[in-house]
>>> print(open('coords-v4.cif').read())   # mmCIF, C-alpha atoms
data_upload
loop_
_atom_site.group_PDB
_atom_site.id
_atom_site.type_symbol
_atom_site.label_atom_id
_atom_site.label_comp_id
_atom_site.auth_asym_id
_atom_site.auth_seq_id
_atom_site.Cartn_x
_atom_site.Cartn_y
_atom_site.Cartn_z
ATOM 1 C CA ILE A 213 52.522 110.178 107.295
ATOM 2 C CA ALA A 214 53.461 106.742 108.627
ATOM 3 C CA ARG A 215 50.108 105.350 107.459
ATOM 4 C CA ALA A 216 50.498 106.930 104.004
ATOM 5 C CA PHE A 217 53.932 105.332 103.637
ATOM 6 C CA ARG A 218 52.560 101.980 104.881
ATOM 7 C CA ASP A 219 49.776 102.193 102.290
ATOM 8 C CA GLU A 220 52.515 102.565 99.653
ATOM 9 C CA GLY A 221 54.460 99.573 101.009
ATOM 10 C CA PHE A 222 57.112 101.460 102.984
ATOM 11 C CA ALA A 223 58.037 101.820 106.640
ATOM 12 C CA ILE A 224 59.351 105.169 107.854
ATOM 13 C CA GLY A 225 61.286 106.180 110.960
ATOM 14 C CA GLN A 226 60.190 108.896 113.371
ATOM 15 C CA ASP A 227 63.163 111.146 112.526
ATOM 16 C CA ALA A 228 62.261 110.929 108.827
ATOM 17 C CA ILE A 229 58.646 111.820 109.653
ATOM 18 C CA GLU A 230 59.843 114.869 111.598
ATOM 19 C CA GLU A 231 61.963 115.960 108.621
ATOM 20 C CA ILE A 232 58.906 115.735 106.364
ATOM 21 C CA LEU A 233 56.803 117.700 108.843
ATOM 22 C CA CYS A 234 59.426 120.453 108.906
ATOM 23 C CA SER A 235 59.484 120.710 105.136
ATOM 24 C CA VAL A 236 55.745 121.241 104.600
ATOM 25 C CA GLU A 237 53.057 123.294 106.251
ATOM 26 C CA ASN A 238 50.650 121.286 108.374
ATOM 27 C CA ASN A 239 48.379 120.767 105.393
ATOM 28 C CA THR A 240 47.047 117.271 104.653
ATOM 29 C CA GLN A 241 47.055 117.655 100.869
ATOM 30 C CA GLU A 242 50.613 119.015 100.785
ATOM 31 C CA MET A 243 51.787 116.097 102.948
ATOM 32 C CA LYS A 244 50.002 113.588 100.695
ATOM 33 C CA ASN A 245 51.655 115.148 97.645
ATOM 34 C CA LEU A 246 55.083 114.938 99.252
ATOM 35 C CA VAL A 247 54.571 111.316 100.344
ATOM 36 C CA SER A 248 53.499 110.475 96.795
ATOM 37 C CA SER A 249 56.595 112.183 95.352
ATOM 38 C CA LEU A 250 58.860 110.458 97.856
ATOM 39 C CA THR A 251 57.463 106.984 97.224
ATOM 40 C CA LEU A 252 57.708 107.462 93.454
ATOM 41 C CA TYR A 253 61.314 108.605 93.887
ATOM 42 C CA PHE A 254 62.231 105.660 96.146
ATOM 43 C CA ARG A 255 60.675 103.146 93.748
ATOM 44 C CA ALA A 256 62.609 104.618 90.809
ATOM 45 C CA ALA A 257 65.924 105.477 92.473
ATOM 46 C CA MET A 258 66.113 102.734 95.097
ATOM 47 C CA PRO A 259 64.260 99.628 93.871
ATOM 48 C CA GLY A 260 63.614 97.190 96.676
ATOM 49 C CA LYS A 261 63.786 99.909 99.329
ATOM 50 C CA LYS A 262 61.205 99.331 102.043
ATOM 51 C CA ASP A 263 62.483 101.290 105.073
ATOM 52 C CA VAL A 264 62.720 105.069 104.731
ATOM 53 C CA THR A 265 65.243 106.853 106.954
ATOM 54 C CA LEU A 266 66.199 110.443 107.645
ATOM 55 C CA ALA A 267 69.213 109.951 105.360
ATOM 56 C CA ASP A 268 66.875 108.878 102.535
ATOM 57 C CA ILE A 269 64.727 111.992 102.989
ATOM 58 C CA SER A 270 67.876 114.155 102.995
ATOM 59 C CA GLU A 271 69.147 112.496 99.814
ATOM 60 C CA TYR A 272 65.777 113.089 98.139
ATOM 61 C CA ALA A 273 65.940 116.765 99.173
ATOM 62 C CA ILE A 274 69.453 117.134 97.731
ATOM 63 C CA ARG A 275 68.609 115.417 94.447
ATOM 64 C CA THR A 276 65.371 117.294 93.937
ATOM 65 C CA ARG A 277 66.466 120.570 95.518
ATOM 66 C CA THR A 278 64.252 123.447 94.646
ATOM 67 C CA GLU A 279 63.687 126.787 96.237
ATOM 68 C CA ASP A 280 60.928 126.838 98.815
ATOM 69 C CA GLY A 281 59.810 128.527 102.007
ATOM 70 C CA SER A 282 62.752 127.111 103.953
ATOM 71 C CA THR A 283 65.363 128.488 101.565
ATOM 72 C CA LEU A 284 63.476 131.777 101.412
ATOM 73 C CA PHE A 285 63.427 132.051 105.215
ATOM 74 C CA GLN A 286 67.133 131.278 105.385
ATOM 75 C CA ALA A 287 67.945 134.119 102.959
ATOM 76 C CA ILE A 288 65.661 136.506 104.862
ATOM 77 C CA ALA A 289 67.128 135.354 108.197
ATOM 78 C CA GLU A 290 70.573 136.286 106.941
ATOM 79 C CA GLY A 291 69.309 139.694 105.822
ATOM 80 C CA ASP A 292 70.172 138.848 102.198
ATOM 81 C CA LEU A 293 67.413 140.677 100.334
ATOM 82 C CA PRO A 294 68.855 140.157 96.802
ATOM 83 C CA HIS A 295 69.060 136.398 97.381
ATOM 84 C CA ALA A 296 65.552 136.327 98.898
ATOM 85 C CA LEU A 297 64.180 138.156 95.856
ATOM 86 C CA GLN A 298 65.953 135.698 93.539
ATOM 87 C CA ILE A 299 64.443 132.768 95.448
ATOM 88 C CA MET A 300 60.977 134.337 95.190
ATOM 89 C CA LYS A 301 61.477 134.822 91.449
ATOM 90 C CA THR A 302 62.562 131.192 91.048
ATOM 91 C CA ILE A 303 59.583 129.926 93.046
ATOM 92 C CA SER A 304 57.107 132.024 91.072
ATOM 93 C CA GLU A 305 58.570 130.849 87.753
ATOM 94 C CA THR A 306 58.511 127.147 88.627
ATOM 95 C CA ASP A 307 55.297 126.725 90.619
ATOM 96 C CA SER A 308 52.147 128.810 90.274
ATOM 97 C CA GLY A 309 51.079 128.204 93.876
ATOM 98 C CA GLY A 310 54.604 128.098 95.231
ATOM 99 C CA LEU A 311 54.797 131.647 96.538
ATOM 100 C CA GLN A 312 51.705 131.236 98.664
ATOM 101 C CA ARG A 313 53.135 128.037 100.212
ATOM 102 C CA ALA A 314 56.550 129.680 100.610
ATOM 103 C CA PHE A 315 55.029 132.694 102.388
ATOM 104 C CA ALA A 316 53.089 130.336 104.672
ATOM 105 C CA ALA A 317 56.331 128.506 105.543
ATOM 106 C CA VAL A 318 58.156 131.808 106.105
ATOM 107 C CA GLY A 319 55.294 132.942 108.348
ATOM 108 C CA THR A 320 55.603 129.749 110.367
ATOM 109 C CA ARG A 321 59.362 130.251 110.745
ATOM 110 C CA PHE A 322 58.882 133.859 111.839
ATOM 111 C CA ARG A 323 56.312 132.782 114.451
ATOM 112 C CA LEU A 324 58.893 130.281 115.734
ATOM 113 C CA LEU A 325 61.538 133.016 115.618
ATOM 114 C CA GLU A 326 59.304 135.280 117.725
ATOM 115 C CA SER A 327 59.019 132.565 120.364
ATOM 116 C CA TYR A 328 62.740 131.738 120.144
ATOM 117 C CA ILE A 329 63.791 135.376 120.644
ATOM 118 C CA SER A 330 61.401 135.773 123.584
ATOM 119 C CA LEU A 331 62.783 132.646 125.244
ATOM 120 C CA VAL A 332 66.424 133.651 124.698
ATOM 121 C CA GLN A 333 65.736 137.158 125.989
ATOM 122 C CA GLY A 334 64.072 135.501 128.987
ATOM 123 C CA GLY A 335 67.316 133.720 129.838
ATOM 124 C CA GLU A 336 66.975 130.376 128.022
ATOM 125 C CA SER A 337 69.997 128.914 126.248
ATOM 126 C CA ALA A 338 69.816 128.645 122.453
ATOM 127 C CA GLN A 339 69.316 124.856 122.725
ATOM 128 C CA ASP A 340 66.536 125.126 125.324
ATOM 129 C CA ALA A 341 64.848 127.995 123.478
ATOM 130 C CA ALA A 342 64.903 125.954 120.270
ATOM 131 C CA ALA A 343 63.287 122.996 122.008
ATOM 132 C CA LYS A 344 60.615 125.167 123.668
ATOM 133 C CA ALA A 345 59.849 127.540 120.792
ATOM 134 C CA SER A 346 56.233 127.220 119.693
ATOM 135 C CA TYR A 347 53.462 128.916 117.761
ATOM 136 C CA LEU A 348 49.784 128.434 117.108
ATOM 137 C CA SER A 349 49.079 126.808 113.779
ATOM 138 C CA PRO A 350 46.164 128.096 111.719
ATOM 139 C CA TYR A 351 45.330 124.468 110.809
ATOM 140 C CA PRO A 352 42.855 122.705 113.106
ATOM 141 C CA GLU A 353 44.644 119.336 112.830
ATOM 142 C CA SER A 354 47.270 120.570 115.257
ATOM 143 C CA PHE A 355 46.864 124.016 116.719
ATOM 144 C CA SER A 356 50.024 124.068 118.816
ATOM 145 C CA GLN A 357 53.241 123.492 116.908
ATOM 146 C CA GLY A 358 56.761 123.860 118.040
ATOM 147 C CA GLY A 359 60.388 123.070 118.264
ATOM 148 C CA ILE A 360 63.300 124.143 116.126
ATOM 149 C CA ARG A 361 65.481 121.346 114.820
ATOM 150 C CA LYS A 362 69.069 121.337 116.013
ATOM 151 C CA LYS A 363 70.447 121.944 112.525
ATOM 152 C CA GLU A 364 68.217 125.048 112.182
ATOM 153 C CA ILE A 365 69.440 126.740 115.373
ATOM 154 C CA PRO A 366 72.248 128.627 113.568
ATOM 155 C CA VAL A 367 69.711 130.060 111.088
ATOM 156 C CA PHE A 368 67.429 131.217 113.917
ATOM 157 C CA SER A 369 70.380 132.610 115.878
ATOM 158 C CA ARG A 370 71.503 134.556 112.811
ATOM 159 C CA ALA A 371 67.956 135.858 112.296
ATOM 160 C CA MET A 372 67.897 136.972 115.925
ATOM 161 C CA SER A 373 71.030 139.023 115.308
ATOM 162 C CA VAL A 374 69.480 140.626 112.201
ATOM 163 C CA TYR A 375 65.939 141.290 113.492
ATOM 164 C CA SER A 376 64.650 142.603 116.801
ATOM 165 C CA LEU A 377 61.566 141.135 118.447
ATOM 166 C CA GLU A 378 59.614 144.192 117.296
ATOM 167 C CA ASP A 379 60.869 143.670 113.718
ATOM 168 C CA VAL A 380 59.770 140.030 113.816
ATOM 169 C CA ARG A 381 56.309 140.969 115.031
ATOM 170 C CA ALA A 382 55.968 143.576 112.272
ATOM 171 C CA ILE A 383 57.083 140.988 109.685
ATOM 172 C CA ILE A 384 54.499 138.484 110.988
ATOM 173 C CA ARG A 385 51.748 141.103 110.625
ATOM 174 C CA TYR A 386 52.963 141.957 107.118
ATOM 175 C CA LEU A 387 53.069 138.277 106.078
ATOM 176 C CA GLY A 388 49.501 137.873 107.378
ATOM 177 C CA ARG A 389 48.344 140.753 105.184
ATOM 178 C CA MET A 390 50.220 139.344 102.177
ATOM 179 C CA ASP A 391 48.724 135.874 102.755
ATOM 180 C CA THR A 392 45.249 137.387 102.710
ATOM 181 C CA ALA A 393 46.050 139.399 99.574
ATOM 182 C CA MET A 394 47.454 136.352 97.754
ATOM 183 C CA LYS A 395 44.431 134.220 98.639
#
>>> encode(input="coords-v4.cif", output="structure tokens")
Amino acid sequence: IARAFRDEGFAIGQDAIEEILCSVENNTQEMKNLVSSLTLYFRAAMPGKKDVTLADISEYAIRTRTEDGSTLFQAIAEGDLPHALQIMKTISETDSGGLQRAFAAVGTRFRLLESYISLVQGGESAQDAAAKASYLSPYPESFSQGGIRKKEIPVFSRAMSVYSLEDVRAIIRYLGRMDTAMK
């Protein structure tokens, strides 16, 4: 990501890179598309901008806010089925491949949730469990992925109060079947 930004004439901080990584699946093409969108946005909205910060990425997200896997997971984590269905409808109407990417992101979050619940049930604090939570990525670029950002801990804690570990494991299996069916 840093190299892609450099190639476009920008420098980017590590915290901004981490924000980007949390907003896309570990998929090279998806990351390239996001970097391209971000650099186009910064050139148009912030002429002369050369250093990209976490605040810049957050502003981009607010200004271009769309429903995605993160917003879908948040609705599911809160047990808000009507809102989750509305988000899925919005995604399917605005992006033909969006549901597949959203389900992949939701699957990733549920794998992290499984690890988070296991760690908390094993006696870890919410902060420590968030830092240690991990899952195996299906993408060979980086098999082991992990960590829940501090601002996401409340969402994961809420999900833990809505779903048991057994529920989470059943959801992961279901999402795997749906991913296969959609492909």
>>> resolve_selection(input="coords-v4.cif", expression="the PyMOL selection byres ((chain A and resi 326-335) around 10)", output="VMD selection string")
chain A and resid 320 to 325 336 to 347 358 to 360 365 368 to 369 371 to 373 375 to 381 384
>>> residues_near_point(input="coords-v4.cif", point="(61.3, 97.3, 103.2)", cutoff="9 Å", atoms="only C-alpha atoms", output="VMD selection string")
chain A and resid 221 to 223 260 to 264
>>> resolve_selection(input="coords-v4.cif", expression="the PyMOL selection byres ((chain A and resi 302) around 12)", output="PyMOL selection string")
chain A and resi 278-281+283-284+295-301+303-308+310-311+314
>>> residues_around(input="coords-v4.cif", residues="Asp391 of chain A", least_positions_apart="4", cutoff="10 Å", atoms="all atoms listed in the file", output="list in words")
Leu311, Gln312, Arg313, Phe315, Ala316, Gly319, Arg385, Tyr386, Leu387 and Lys395 of chain A
>>> closest_residue(input="coords-v4.cif", among="A:Glu231, A:Glu242, A:Glu290, A:Asp219", to="Tyr272 of chain A", atoms="only C-alpha atoms")
A:Glu231
>>> atom_distance(input="coords-v4.cif", atom1="atom CA of Ile232 of chain A", atom2="atom CA of Ile213 of chain A")
8.5 Å
>>> residues_around(input="coords-v4.cif", residues="Val367 of chain A", least_positions_apart="3", cutoff="7 Å", atoms="only C-alpha atoms", output="list in words")
Gln286, Ala289, Glu364, Arg370 and Ala371 of chain A
